[in-house]
Amino acid sequence: MKKNLLLLCLFCLSAVPLLAQQHISVPLNDPVYKVIDNALIKNYISPLPTAKPYSRAVILDALYEMIRSPQISAMEKSAAEGLIARFESRKTDPWYQRGGYRYDSEYAPDKATENPSATEESDREEGSGSSATGDKEDGEEAGSFKEKKSVYTSVEVGGSWQSRADFGAFNNDAVFSTENWLELYLQGDLSEYFSYRFNIGVGLTDLNASAYAPYSYSKSWDGYQFLLKSADNFSHFAEEPAGAIRILPELSLSLWDQKLRFNFSRIRRDWGPGDGNLMISGTARPFMGLDMHLNPVDWFNLSFIVGVLEYESTDGLKKSSMNFQNAYTASLAEFFITQWAYLGISSSVVWPKRFELGYGNPGMMSFLYQNMIGDFDNMQLGVTFGFNVPSYLKLYGGFFIDEINLLQDNFSHLDRNMYSWQIGGRLAVPGAPFTTVSLQYTKVEPYMYTHPTTTTPWYDKPMNTTYINHGEPLGYKLDPNSDELKLKIETMPLWYLNASLMYRMIRHGISADGSTYTDYLNYSADYNGAKPGDLYWKDFLKDGVYEWIHSVGLQAELDLRFVNVPIALGAGYTFYYRYLTEYDGDTGKIKRLDSFEWKESLHKTNMGNLFSVYVRIW
C-alpha cells in the first residue's frame, strides 16, 4: 500500500510530461552516435536505419553486438562496455549519478506459486528501463532483449542543470552570451513495451548572435522568450536578459522485438546518412509528431512522421502565427540491398492544418496524393544512397527536390528548378579507436525550401508553407543559394572523452535573388525564356555579391561520471574569416570586394575568435 501511495505521489508531484527508459530516444547530441557510426563502417554491427534518434533499446542492442564482434580492438571494447554501463544504471550505483530517485516494481500475480523466486530476482535487478540489462540468465546471451515472465514498471524523478557561456573576440570588440537551464523530469516504463518521459525546462538567457559561428546556432527554447525588464514583453531572440521554457515530452511503444515502434514526442530528428540531412536535419528545431518505424525484415525499413510545425513569434502570439498554421508529413523507405549498398526514397509535405486523412497514412506517398486532393501544399521528393568499402569507408549522397522540370533547357541555370544535393564520405581511421574522418559537400539552390503564400480553402488569408519550423529550416542548416564544404575529424577513444576538429567553407549569395527564406518565386513567370542577367536566371558566384566564410573549430567533452562525479565539462574554440566577392564580367574572374563596401552585411567584422565552455550537472 505504501509503495502504491509513493508511486501516486510521484506522479502527482510532477505535473510535467513523461520521459522513459528502454524505448525513449537517445538525444542526437549524445556522443554514443559517434561510436555507432564508426562501428557501422567497420562492420562491428548490422546495418541500422538512417532515421534517428534511436531508442535506448536500439542503442544497447548495437553496443552488445559491437562487443561480441571478433574484429573489435581491446580499447574499443572497453569504450563500448563503458557506454553500456552508462545506459544501464544500477540500483547499486550512487543515486547522484542519475540525478534522481528511482522506484521499480516487478510482479507476476498469476505465476507466484509457479515462480516463487521472481520477487527476489527482481530485487537484485536494476530495472533500468530495459527488459534486459545485460544480465545473463541460463542459456541467454548477454544483450538480447528477451520477454520476461513478470510485468515490469518503473518511475524515476530527477533533474539536471546546464550552463553554457560563449565569448566572441573581434578586431576591437568582444561579446558575451550565456544560457542556463534547469530541467526536471519524470520518466520510466510501463511494461517492457511502453516507456514515457515528461519534462519541463526553465531557462535564463542573455544572448548575442555574434558569439556563435555562422550557421551553427539553434534556439534552445520553445515559443518565445520572456524579457526580464517587463513581464509583458516577449522576443524571438532576446539579446538581453530573458527567461524561457522548453518541454520535450515523449511516449514510446515498441512491439515484436522492436520491429514496430511508435513514438509520440516533441524531439529533434535526423533522417539520412549525412552529417546534417536534406529532408529532416538534426539541426532542425523539435516539433510535436507521431513517428512510426516499421522494420519487418532486415533489408527494409519504413519511417513515417506526421506532426505540427511551430511559428516564430516575431510579431506577437496571434499576428505572427496567423498565416503559419502548418502540419508536416514525411516518409522514408530504406532498402539495405547488401552489406555494402543502401537506397532510400523519401517524400514530404508542408500543409496547412486541416482534417486530411491521406497525409496521415504511411502507405500514401504524399507527393502523389496531392494530385487527388488539390494543389494547396508544399511538396518535396528525395533519394539517398550509400556504398561501403567494408571496414574502412562509407560513401553516401542525396538529392532532395522541391520543384524541377527536367524538360527545360538550361536546367542548372533556371530558378524554377529548386533542389538541394549532398555527397560525402566517412573513413574509419585504422588503428585509432572510434576515430572517423568525414568530408561532405552540400549545395542548396536558390528558392529551395521556400514557397509563395497560397490562397487555401479553410483559411481567410494566403498561407505561408515555407519549409521551416520555429524560424529555422527543417532541412540542412544553410540559407537558399548556398553551398558548404565540411571536413571533420571525430574521436572517442574512451567512453567518457570525445573530441572533434572541423573545417567549414560556406558560400552564400547576398544580393542574388532567391537567397533567403522570405524570397518567393513568381510561379506565373516565363522561365524557359530566361537568359543571363534576368531575374530568374541563376549562376552561382556570378549573379551577384556572395559571402565566403571559412571557419576552423575544435570541441572537447569530458564526462566525470567515470570517477563517480555527476558532471560533464565541455569547451570549444572556433576561428572564422569571411569576405565578399563579385563576378567581374570584363575579366571573367571572381574578384574580392573591399569589406567596407558591405560592412553592415558582414555584421561589422570580417574575422572572429569564438570560445565556449559549458558544464552539466545531473
# chains A, B, ... in the order shown; residues from 1 in each chain; ligands from 1
$ closest_atom_pairs --of "range 495-547 of chain A" --to "range 70-83 of chain A" --cutoff "12 Å" --atoms "only C-alpha atoms" --output "tab-separated table"
residue	atom	partner	partner_atom	distance
A:Trp495	CA	A:Ala79	CA	4.6
A:Tyr496	CA	A:Gly82	CA	8.0
A:Leu497	CA	A:Ala79	CA	9.5
A:Asn498	CA	A:Ala79	CA	10.9
$ residues_around --residues "Ile506 in chain A" --least-positions-apart "3" --cutoff "10 Å" --atoms "only C-alpha atoms" --output "ChimeraX atom specification"
/A:214-215,441-443,478,482-486,547-551,578
$ write_last_selection --atoms "all heavy atoms" --output "compact mmCIF listing (two decimals), in the first residue's frame"
# COMPACT_ATOMS: atom_id res chain seq x y z
N PRO A 214 28.96 31.34 -37.72
CA PRO A 214 27.87 31.44 -38.71
C PRO A 214 27.25 30.08 -39.01
O PRO A 214 27.95 29.08 -39.14
CB PRO A 214 28.57 32.02 -39.94
CG PRO A 214 29.75 32.77 -39.38
CD PRO A 214 30.20 31.97 -38.19
N TYR A 215 25.94 30.05 -39.06
CA TYR A 215 25.15 28.85 -39.39
C TYR A 215 25.39 27.70 -38.40
O TYR A 215 25.33 26.54 -38.77
CB TYR A 215 25.46 28.37 -40.81
CG TYR A 215 25.06 29.35 -41.88
CD1 TYR A 215 26.00 30.19 -42.46
CD2 TYR A 215 23.74 29.44 -42.32
CE1 TYR A 215 25.65 31.10 -43.44
CE2 TYR A 215 23.37 30.34 -43.30
CZ TYR A 215 24.33 31.18 -43.86
OH TYR A 215 23.96 32.08 -44.82
N TYR A 441 30.09 17.61 -48.98
CA TYR A 441 29.72 18.82 -49.72
C TYR A 441 28.21 18.87 -49.86
O TYR A 441 27.57 17.87 -50.20
CB TYR A 441 30.35 18.82 -51.12
CG TYR A 441 29.95 20.02 -51.95
CD1 TYR A 441 30.57 21.25 -51.76
CD2 TYR A 441 28.93 19.93 -52.89
CE1 TYR A 441 30.20 22.37 -52.51
CE2 TYR A 441 28.56 21.03 -53.65
CZ TYR A 441 29.19 22.25 -53.45
OH TYR A 441 28.81 23.34 -54.17
N THR A 442 27.64 20.05 -49.59
CA THR A 442 26.18 20.24 -49.66
C THR A 442 25.89 21.51 -50.46
O THR A 442 26.52 22.55 -50.23
CB THR A 442 25.57 20.39 -48.25
OG1 THR A 442 25.94 19.27 -47.45
CG2 THR A 442 24.06 20.47 -48.33
N LYS A 443 24.92 21.42 -51.37
CA LYS A 443 24.53 22.57 -52.21
C LYS A 443 23.03 22.77 -52.08
O LYS A 443 22.24 21.83 -52.25
CB LYS A 443 24.90 22.31 -53.67
CG LYS A 443 24.51 23.45 -54.62
CD LYS A 443 25.40 24.66 -54.42
CE LYS A 443 25.30 25.64 -55.59
NZ LYS A 443 23.99 26.29 -55.71
N LEU A 478 21.45 25.77 -43.97
CA LEU A 478 22.01 26.81 -44.80
C LEU A 478 20.86 27.63 -45.36
O LEU A 478 19.73 27.16 -45.44
CB LEU A 478 22.80 26.22 -45.98
CG LEU A 478 24.14 25.53 -45.69
CD1 LEU A 478 24.70 24.94 -46.97
CD2 LEU A 478 25.15 26.49 -45.08
N SER A 482 23.20 28.64 -51.39
CA SER A 482 24.42 28.47 -50.60
C SER A 482 25.04 27.12 -50.91
O SER A 482 24.38 26.21 -51.41
CB SER A 482 24.12 28.54 -49.10
OG SER A 482 23.53 29.76 -48.73
N ASP A 483 26.31 26.99 -50.56
CA ASP A 483 26.94 25.68 -50.53
C ASP A 483 27.89 25.60 -49.35
O ASP A 483 28.23 26.62 -48.73
CB ASP A 483 27.63 25.34 -51.86
CG ASP A 483 28.94 26.09 -52.08
OD1 ASP A 483 29.20 27.07 -51.36
OD2 ASP A 483 29.70 25.70 -52.99
N GLU A 484 28.31 24.37 -49.02
CA GLU A 484 29.20 24.17 -47.88
C GLU A 484 30.11 22.98 -48.15
O GLU A 484 29.67 21.93 -48.62
CB GLU A 484 28.40 23.90 -46.61
CG GLU A 484 29.29 23.61 -45.39
CD GLU A 484 28.51 22.96 -44.25
OE1 GLU A 484 28.04 21.81 -44.45
OE2 GLU A 484 28.36 23.60 -43.19
N LEU A 485 31.38 23.14 -47.83
CA LEU A 485 32.34 22.05 -47.79
C LEU A 485 32.75 21.86 -46.34
O LEU A 485 33.20 22.81 -45.69
CB LEU A 485 33.57 22.38 -48.66
CG LEU A 485 34.66 21.31 -48.70
CD1 LEU A 485 34.15 20.05 -49.39
CD2 LEU A 485 35.92 21.85 -49.38
N LYS A 486 32.61 20.64 -45.85
CA LYS A 486 32.87 20.36 -44.43
C LYS A 486 33.83 19.19 -44.29
O LYS A 486 33.63 18.12 -44.87
CB LYS A 486 31.56 20.02 -43.72
CG LYS A 486 31.71 19.71 -42.23
CD LYS A 486 30.43 19.10 -41.65
CE LYS A 486 29.27 20.05 -41.73
NZ LYS A 486 28.06 19.47 -41.09
N GLU A 547 28.92 36.00 -50.05
CA GLU A 547 29.70 35.98 -48.82
C GLU A 547 30.41 34.64 -48.71
O GLU A 547 29.81 33.58 -48.88
CB GLU A 547 28.76 36.18 -47.62
CG GLU A 547 29.47 36.16 -46.27
CD GLU A 547 28.51 36.32 -45.11
OE1 GLU A 547 27.36 35.85 -45.22
OE2 GLU A 547 28.90 36.93 -44.10
N TRP A 548 31.71 34.69 -48.41
CA TRP A 548 32.53 33.49 -48.20
C TRP A 548 32.89 33.43 -46.72
O TRP A 548 33.37 34.41 -46.15
CB TRP A 548 33.81 33.54 -49.02
CG TRP A 548 33.61 33.48 -50.51
CD1 TRP A 548 32.84 34.30 -51.28
CD2 TRP A 548 34.25 32.57 -51.42
NE1 TRP A 548 32.93 33.96 -52.60
CE2 TRP A 548 33.80 32.89 -52.72
CE3 TRP A 548 35.14 31.52 -51.27
CZ2 TRP A 548 34.22 32.21 -53.86
CZ3 TRP A 548 35.58 30.82 -52.39
CH2 TRP A 548 35.11 31.17 -53.67
N ILE A 549 32.72 32.26 -46.12
CA ILE A 549 33.04 32.07 -44.70
C ILE A 549 33.95 30.85 -44.57
O ILE A 549 33.61 29.75 -45.04
CB ILE A 549 31.78 31.86 -43.86
CG1 ILE A 549 30.81 33.03 -44.01
CG2 ILE A 549 32.14 31.65 -42.38
CD1 ILE A 549 29.44 32.78 -43.42
N HIS A 550 35.08 31.02 -43.94
CA HIS A 550 35.98 29.92 -43.61
C HIS A 550 36.07 29.84 -42.09
O HIS A 550 36.31 30.85 -41.43
CB HIS A 550 37.38 30.15 -44.19
CG HIS A 550 37.43 30.26 -45.68
ND1 HIS A 550 37.58 29.16 -46.50
CD2 HIS A 550 37.32 31.33 -46.50
CE1 HIS A 550 37.58 29.55 -47.76
NE2 HIS A 550 37.42 30.87 -47.80
N SER A 551 35.89 28.65 -41.54
CA SER A 551 35.97 28.51 -40.09
C SER A 551 36.66 27.19 -39.73
O SER A 551 36.53 26.19 -40.45
CB SER A 551 34.58 28.56 -39.44
OG SER A 551 33.80 27.43 -39.79
N ARG A 578 35.69 35.88 -42.98
CA ARG A 578 34.75 36.00 -44.09
C ARG A 578 35.01 37.26 -44.91
O ARG A 578 35.55 38.25 -44.42
CB ARG A 578 33.32 35.97 -43.59
CG ARG A 578 32.94 36.97 -42.54
CD ARG A 578 31.49 36.75 -42.17
NE ARG A 578 31.12 37.40 -40.94
CZ ARG A 578 29.94 37.23 -40.35
NH1 ARG A 578 29.04 36.44 -40.89
NH2 ARG A 578 29.66 37.86 -39.23
$ closest_residue --among "A:Phe87, A:Trp299, A:Phe575, A:Tyr523" --to "Thr454 in chain A" --atoms "only C-alpha atoms"
A:Tyr523
$ residues_around --residues "range 525-540 of chain A" --least-positions-apart "2" --cutoff "6 Å" --atoms "only C-alpha atoms" --output "list of chain:residue names"
A:His413, A:Leu414, A:Asp415, A:Asn522, A:Tyr523, A:Lys542, A:Asp543
$ select_by_dssp --residues "range 203-259 of chain A" --states "strand (DSSP E)" --output "list in words"
Gly203, Leu204, Thr205, Asp206, Gln225, Phe226, Leu227, Phe234, Ser235, Ala242, Gly243, Ala244, Ile245, Arg246, Glu250, Leu251, Ser252, Leu253, Ser254 and Leu255 of chain A
$ write_last_selection --atoms "all heavy atoms" --output "short mmCIF file (atom, residue, chain, number, x, y, z; two decimals), in the first residue's frame"
data_model
loop_
_atom_site.label_atom_id
_atom_site.label_comp_id
_atom_site.auth_asym_id
_atom_site.auth_seq_id
_atom_site.Cartn_x
_atom_site.Cartn_y
_atom_site.Cartn_z
N GLY A 203 14.71 28.26 -18.26
CA GLY A 203 16.00 28.81 -18.65
C GLY A 203 16.13 30.29 -18.41
O GLY A 203 15.13 31.03 -18.37
N LEU A 204 17.37 30.73 -18.27
CA LEU A 204 17.73 32.14 -18.18
C LEU A 204 18.80 32.40 -19.22
O LEU A 204 19.86 31.75 -19.22
CB LEU A 204 18.25 32.48 -16.78
CG LEU A 204 18.67 33.95 -16.56
CD1 LEU A 204 17.47 34.87 -16.71
CD2 LEU A 204 19.32 34.12 -15.19
N THR A 205 18.54 33.33 -20.13
CA THR A 205 19.46 33.58 -21.25
C THR A 205 19.83 35.06 -21.33
O THR A 205 19.07 35.93 -20.90
CB THR A 205 18.84 33.16 -22.59
OG1 THR A 205 17.73 34.02 -22.90
CG2 THR A 205 18.35 31.72 -22.54
N ASP A 206 20.99 35.32 -21.88
CA ASP A 206 21.43 36.67 -22.25
C ASP A 206 22.29 36.49 -23.49
O ASP A 206 23.48 36.19 -23.40
CB ASP A 206 22.21 37.32 -21.10
CG ASP A 206 22.48 38.80 -21.38
OD1 ASP A 206 22.11 39.28 -22.47
OD2 ASP A 206 23.08 39.46 -20.50
N GLN A 225 10.77 34.08 -25.84
CA GLN A 225 11.42 34.39 -24.59
C GLN A 225 10.67 35.51 -23.86
O GLN A 225 10.05 36.37 -24.48
CB GLN A 225 12.87 34.81 -24.83
CG GLN A 225 13.74 33.71 -25.42
CD GLN A 225 15.05 34.24 -25.94
OE1 GLN A 225 15.11 34.84 -27.00
NE2 GLN A 225 16.11 34.02 -25.18
N PHE A 226 10.77 35.49 -22.54
CA PHE A 226 10.12 36.49 -21.70
C PHE A 226 11.18 37.48 -21.22
O PHE A 226 12.06 37.12 -20.44
CB PHE A 226 9.46 35.83 -20.49
CG PHE A 226 8.59 34.66 -20.82
CD1 PHE A 226 9.13 33.39 -20.97
CD2 PHE A 226 7.22 34.82 -21.03
CE1 PHE A 226 8.33 32.30 -21.28
CE2 PHE A 226 6.42 33.74 -21.35
CZ PHE A 226 6.97 32.49 -21.48
N LEU A 227 11.11 38.72 -21.69
CA LEU A 227 12.12 39.71 -21.31
C LEU A 227 11.98 40.05 -19.83
O LEU A 227 10.88 40.31 -19.34
CB LEU A 227 11.97 40.96 -22.16
CG LEU A 227 12.08 40.76 -23.68
CD1 LEU A 227 12.03 42.10 -24.41
CD2 LEU A 227 13.36 40.02 -24.04
N PHE A 234 8.01 40.23 -25.01
CA PHE A 234 8.47 38.94 -25.50
C PHE A 234 9.45 39.15 -26.65
O PHE A 234 9.49 40.21 -27.27
CB PHE A 234 7.28 38.09 -25.97
CG PHE A 234 6.16 38.02 -24.98
CD1 PHE A 234 5.00 38.77 -25.16
CD2 PHE A 234 6.25 37.21 -23.86
CE1 PHE A 234 3.97 38.71 -24.25
CE2 PHE A 234 5.23 37.15 -22.95
CZ PHE A 234 4.08 37.90 -23.14
N SER A 235 10.22 38.10 -26.96
CA SER A 235 11.18 38.19 -28.04
C SER A 235 11.37 36.81 -28.67
O SER A 235 11.25 35.79 -27.99
CB SER A 235 12.52 38.71 -27.53
OG SER A 235 13.51 38.66 -28.55
N ALA A 242 16.63 37.34 -20.35
CA ALA A 242 15.28 36.86 -20.63
C ALA A 242 15.10 35.47 -20.02
O ALA A 242 16.07 34.73 -19.81
CB ALA A 242 15.02 36.81 -22.13
N GLY A 243 13.85 35.13 -19.76
CA GLY A 243 13.51 33.79 -19.31
C GLY A 243 12.94 32.99 -20.46
O GLY A 243 12.50 33.54 -21.47
N ALA A 244 12.96 31.66 -20.31
CA ALA A 244 12.48 30.79 -21.39
C ALA A 244 12.06 29.45 -20.79
O ALA A 244 12.43 29.11 -19.67
CB ALA A 244 13.56 30.60 -22.44
N ILE A 245 11.30 28.70 -21.58
CA ILE A 245 10.90 27.35 -21.18
C ILE A 245 11.14 26.41 -22.35
O ILE A 245 11.23 26.83 -23.50
CB ILE A 245 9.42 27.27 -20.76
CG1 ILE A 245 8.50 27.67 -21.93
CG2 ILE A 245 9.14 28.13 -19.54
CD1 ILE A 245 7.03 27.39 -21.68
N ARG A 246 11.23 25.11 -22.04
CA ARG A 246 11.22 24.09 -23.09
C ARG A 246 10.62 22.81 -22.52
O ARG A 246 10.90 22.43 -21.38
CB ARG A 246 12.62 23.84 -23.66
CG ARG A 246 13.63 23.28 -22.69
CD ARG A 246 14.98 23.14 -23.38
NE ARG A 246 16.02 22.63 -22.52
CZ ARG A 246 17.33 22.75 -22.76
NH1 ARG A 246 17.73 23.39 -23.85
NH2 ARG A 246 18.22 22.24 -21.93
N GLU A 250 7.69 12.66 -24.33
CA GLU A 250 7.86 11.51 -25.23
C GLU A 250 7.13 10.30 -24.66
O GLU A 250 7.28 9.95 -23.49
CB GLU A 250 9.36 11.20 -25.38
CG GLU A 250 9.66 10.21 -26.48
CD GLU A 250 11.15 10.15 -26.80
OE1 GLU A 250 11.92 10.94 -26.22
OE2 GLU A 250 11.53 9.29 -27.62
N LEU A 251 6.33 9.68 -25.52
CA LEU A 251 5.66 8.42 -25.21
C LEU A 251 6.05 7.43 -26.31
O LEU A 251 5.91 7.74 -27.50
CB LEU A 251 4.14 8.60 -25.18
CG LEU A 251 3.59 9.65 -24.22
CD1 LEU A 251 2.08 9.80 -24.41
CD2 LEU A 251 3.90 9.28 -22.78
N SER A 252 6.52 6.25 -25.91
CA SER A 252 7.08 5.34 -26.91
C SER A 252 6.59 3.92 -26.68
O SER A 252 6.57 3.42 -25.55
CB SER A 252 8.61 5.38 -26.85
OG SER A 252 9.18 4.63 -27.89
N LEU A 253 6.19 3.27 -27.77
CA LEU A 253 5.70 1.90 -27.75
C LEU A 253 6.51 1.08 -28.74
O LEU A 253 6.68 1.48 -29.89
CB LEU A 253 4.21 1.86 -28.13
CG LEU A 253 3.57 0.47 -28.26
CD1 LEU A 253 3.50 -0.23 -26.91
CD2 LEU A 253 2.17 0.60 -28.88
N SER A 254 7.02 -0.08 -28.29
CA SER A 254 7.81 -0.95 -29.14
C SER A 254 7.24 -2.37 -29.08
O SER A 254 7.02 -2.92 -27.99
CB SER A 254 9.28 -0.96 -28.70
OG SER A 254 10.05 -1.78 -29.54
N LEU A 255 7.02 -2.97 -30.27
CA LEU A 255 6.41 -4.30 -30.34
C LEU A 255 7.25 -5.22 -31.22
O LEU A 255 8.01 -4.77 -32.08
CB LEU A 255 4.99 -4.19 -30.93
CG LEU A 255 4.01 -3.27 -30.18
CD1 LEU A 255 2.74 -3.09 -30.99
CD2 LEU A 255 3.70 -3.83 -28.80
#
$ residues_around --residues "range 263-278 of chain A" --least-positions-apart "2" --cutoff "9 Å" --atoms "only C-alpha atoms" --output "compact mmCIF listing (two decimals) with N, CA and C atoms, in the first residue's frame"
# COMPACT_ATOMS: atom_id res chain seq x y z
N HIS A 23 12.59 2.47 -24.21
CA HIS A 23 12.22 2.81 -25.58
C HIS A 23 12.23 4.31 -25.86
N ILE A 24 12.60 5.12 -24.89
CA ILE A 24 12.71 6.55 -25.12
C ILE A 24 13.98 6.82 -25.93
N SER A 25 13.93 7.83 -26.78
CA SER A 25 15.03 8.10 -27.69
C SER A 25 16.24 8.69 -26.97
N PRO A 27 19.08 11.39 -27.17
CA PRO A 27 19.24 12.67 -27.90
C PRO A 27 20.35 12.62 -28.93
N LEU A 28 20.17 13.38 -30.01
CA LEU A 28 21.11 13.33 -31.12
C LEU A 28 22.50 13.83 -30.75
N PRO A 49 18.76 1.61 -39.57
CA PRO A 49 18.07 2.66 -40.31
C PRO A 49 18.78 4.00 -40.13
N THR A 50 18.71 4.86 -41.13
CA THR A 50 19.35 6.17 -41.02
C THR A 50 18.46 7.19 -40.34
N ALA A 51 17.19 6.83 -40.06
CA ALA A 51 16.28 7.73 -39.37
C ALA A 51 16.59 7.69 -37.87
N LYS A 52 17.07 8.79 -37.35
CA LYS A 52 17.44 8.90 -35.94
C LYS A 52 16.57 9.98 -35.29
N PRO A 53 16.45 9.99 -33.96
CA PRO A 53 17.27 9.30 -32.97
C PRO A 53 16.85 7.84 -32.79
N ILE A 247 9.81 22.19 -23.32
CA ILE A 247 9.10 20.97 -22.92
C ILE A 247 9.28 19.94 -24.03
N LEU A 248 9.82 18.78 -23.69
CA LEU A 248 10.13 17.75 -24.68
C LEU A 248 9.55 16.41 -24.23
N PRO A 249 8.23 16.26 -24.26
CA PRO A 249 7.61 15.01 -23.81
C PRO A 249 7.80 13.89 -24.83
N GLU A 250 7.69 12.66 -24.33
CA GLU A 250 7.86 11.51 -25.23
C GLU A 250 7.13 10.30 -24.66
N LEU A 251 6.33 9.68 -25.52
CA LEU A 251 5.66 8.42 -25.21
C LEU A 251 6.05 7.43 -26.31
N SER A 252 6.52 6.25 -25.91
CA SER A 252 7.08 5.34 -26.91
C SER A 252 6.59 3.92 -26.68
N LEU A 253 6.19 3.27 -27.77
CA LEU A 253 5.70 1.90 -27.75
C LEU A 253 6.51 1.08 -28.74
N SER A 254 7.02 -0.08 -28.29
CA SER A 254 7.81 -0.95 -29.14
C SER A 254 7.24 -2.37 -29.08
N ARG A 261 7.73 0.29 -34.04
CA ARG A 261 7.87 1.25 -32.96
C ARG A 261 7.04 2.50 -33.25
N ILE A 280 15.06 16.03 -43.22
CA ILE A 280 14.97 16.38 -41.80
C ILE A 280 16.38 16.33 -41.24
N SER A 281 16.87 17.48 -40.80
CA SER A 281 18.24 17.57 -40.31
C SER A 281 18.26 17.62 -38.78
N GLY A 282 19.33 17.10 -38.20
CA GLY A 282 19.48 17.14 -36.75
C GLY A 282 19.58 18.54 -36.20
N THR A 283 19.85 19.52 -37.06
CA THR A 283 19.90 20.92 -36.62
C THR A 283 18.52 21.56 -36.55
N ALA A 284 17.48 20.88 -37.07
CA ALA A 284 16.13 21.46 -37.09
C ALA A 284 15.54 21.49 -35.69
N ARG A 285 14.73 22.47 -35.44
CA ARG A 285 14.05 22.60 -34.15
C ARG A 285 13.08 21.43 -33.95
N PRO A 286 12.86 21.00 -32.70
CA PRO A 286 11.89 19.93 -32.45
C PRO A 286 10.46 20.37 -32.74
N PHE A 287 9.61 19.42 -33.07
CA PHE A 287 8.18 19.69 -33.22
C PHE A 287 7.41 18.45 -32.77
N MET A 288 6.16 18.65 -32.40
CA MET A 288 5.33 17.55 -31.94
C MET A 288 4.92 16.68 -33.12
N GLY A 289 5.17 15.38 -32.99
CA GLY A 289 4.83 14.50 -34.08
C GLY A 289 4.63 13.07 -33.61
N LEU A 290 3.93 12.31 -34.42
CA LEU A 290 3.76 10.88 -34.20
C LEU A 290 4.62 10.15 -35.21
N ASP A 291 5.67 9.47 -34.71
CA ASP A 291 6.59 8.72 -35.56
C ASP A 291 6.21 7.24 -35.57
N MET A 292 6.44 6.61 -36.71
CA MET A 292 6.30 5.17 -36.81
C MET A 292 7.53 4.62 -37.54
N HIS A 293 8.10 3.53 -37.01
CA HIS A 293 9.23 2.87 -37.66
C HIS A 293 8.88 1.40 -37.80
N SER A 303 10.18 4.57 -42.22
CA SER A 303 9.99 5.58 -41.18
C SER A 303 8.95 6.58 -41.66
N LEU A 332 10.19 7.84 -45.18
CA LEU A 332 11.48 7.42 -45.71
C LEU A 332 11.49 5.90 -45.79
N GLY A 344 17.58 4.91 -50.22
CA GLY A 344 16.44 5.47 -49.50
C GLY A 344 15.61 6.35 -50.41
N GLY A 382 12.65 13.01 -52.48
CA GLY A 382 14.09 12.85 -52.36
C GLY A 382 14.56 11.42 -52.51
N THR A 384 18.23 9.03 -51.29
CA THR A 384 19.54 8.93 -50.67
C THR A 384 20.15 7.58 -51.04
N PHE A 385 21.47 7.51 -50.98
CA PHE A 385 22.13 6.25 -51.33
C PHE A 385 23.44 6.17 -50.55
N GLY A 386 23.96 4.95 -50.43
CA GLY A 386 25.22 4.75 -49.73
C GLY A 386 25.93 3.50 -50.21
N TYR A 396 28.28 8.23 -49.39
CA TYR A 396 26.85 8.46 -49.38
C TYR A 396 26.51 9.73 -50.16
N GLY A 397 25.25 9.86 -50.48
CA GLY A 397 24.80 11.05 -51.19
C GLY A 397 23.30 11.17 -51.11
N GLY A 398 22.79 12.31 -51.55
CA GLY A 398 21.35 12.55 -51.52
C GLY A 398 20.96 13.65 -52.47
N PHE A 399 19.71 13.60 -52.93
CA PHE A 399 19.14 14.59 -53.83
C PHE A 399 17.72 14.87 -53.36
N PHE A 400 17.41 16.14 -53.05
CA PHE A 400 16.11 16.50 -52.48
C PHE A 400 15.48 17.58 -53.34
N SER A 420 18.21 20.54 -53.62
CA SER A 420 19.46 20.52 -52.86
C SER A 420 20.09 19.14 -53.04
N TRP A 421 21.40 19.09 -52.92
CA TRP A 421 22.08 17.81 -53.06
C TRP A 421 23.29 17.76 -52.15
N GLN A 422 23.71 16.53 -51.88
CA GLN A 422 24.78 16.32 -50.90
C GLN A 422 25.56 15.06 -51.29
N ILE A 423 26.86 15.10 -51.08
CA ILE A 423 27.70 13.93 -51.30
C ILE A 423 28.81 13.95 -50.26
N GLY A 424 29.17 12.77 -49.76
CA GLY A 424 30.19 12.74 -48.72
C GLY A 424 30.75 11.35 -48.50
N GLY A 425 31.71 11.28 -47.60
CA GLY A 425 32.32 10.02 -47.25
C GLY A 425 32.86 10.06 -45.83
N SER A 438 35.57 12.62 -41.90
CA SER A 438 34.48 12.75 -42.88
C SER A 438 34.68 14.00 -43.72
N GLN A 440 32.32 16.24 -46.59
CA GLN A 440 30.96 16.35 -47.12
C GLN A 440 30.77 17.69 -47.84
N THR A 442 27.64 20.05 -49.59
CA THR A 442 26.18 20.24 -49.66
C THR A 442 25.89 21.51 -50.46
N LEU A 474 13.78 23.05 -41.67
CA LEU A 474 13.65 21.63 -41.35
C LEU A 474 14.78 20.83 -41.98
N GLY A 475 15.26 21.30 -43.11
CA GLY A 475 16.34 20.62 -43.81
C GLY A 475 17.70 21.16 -43.40
N TYR A 476 18.65 21.09 -44.31
CA TYR A 476 20.04 21.44 -43.99
C TYR A 476 20.15 22.90 -43.57
N LYS A 477 20.99 23.15 -42.56
CA LYS A 477 21.05 24.49 -41.97
C LYS A 477 21.93 25.44 -42.78
$ select_by_dssp --residues "range 128-345 of chain A" --states "helix (DSSP H, G or I)" --output "MDAnalysis selection string"
chainID A and resid 209:211 317:321
$ atom_distance --atom1 "CA of Tyr503 in chain A" --atom2 "CA of Met418 in chain A"
27.1 Å
$ residues_around --residues "Gly201 in chain A" --least-positions-apart "5" --cutoff "10 Å" --atoms "only C-alpha atoms" --output "list of chain:residue names"
A:Val16, A:Gly159, A:Ser160, A:Trp161, A:Asn180, A:Trp181, A:Leu182, A:Glu183, A:Leu184, A:Tyr185, A:Trp221, A:Asp222, A:Ala244, A:Ile245, A:Arg246, A:Ile247, A:Leu248
$ closest_residue --among "A:Ile373, A:Ser163, A:Ser511, A:Tyr459" --to "Arg616 in chain A" --atoms "only C-alpha atoms"
A:Ser163
$ closest_residue --among "A:Glu490, A:Glu192, A:Asp519, A:Glu65" --to "Gln555 in chain A" --atoms "only C-alpha atoms"
A:Glu490
$ closest_residue --among "A:Ala62, A:Val545, A:Ala330, A:Val389" --to "Met365 in chain A" --atoms "only C-alpha atoms"
A:Ala330
$ atom_distance --atom1 "CA of Gly316 in chain A" --atom2 "CA of Asp513 in chain A"
28.4 Å
$ closest_residue --among "A:Asn405, A:Asn388, A:Asn609, A:Thr491" --to "Val429 in chain A" --atoms "only C-alpha atoms"
A:Thr491
$ residues_around --residues "Tyr359 in chain A" --least-positions-apart "6" --cutoff "12 Å" --atoms "only C-alpha atoms" --output "list in words"
Phe304, Ile305, Val306, Gly307, Ala327, Tyr328, Thr329, Ala330, Ser331, Ser347, Ser348, Val349, Val350, Trp351, Pro352, Lys353, Met365, Ser366, Phe367, Leu368, Tyr369, Gln370, Met372, Ile373, Asp377 and Met379 of chain A
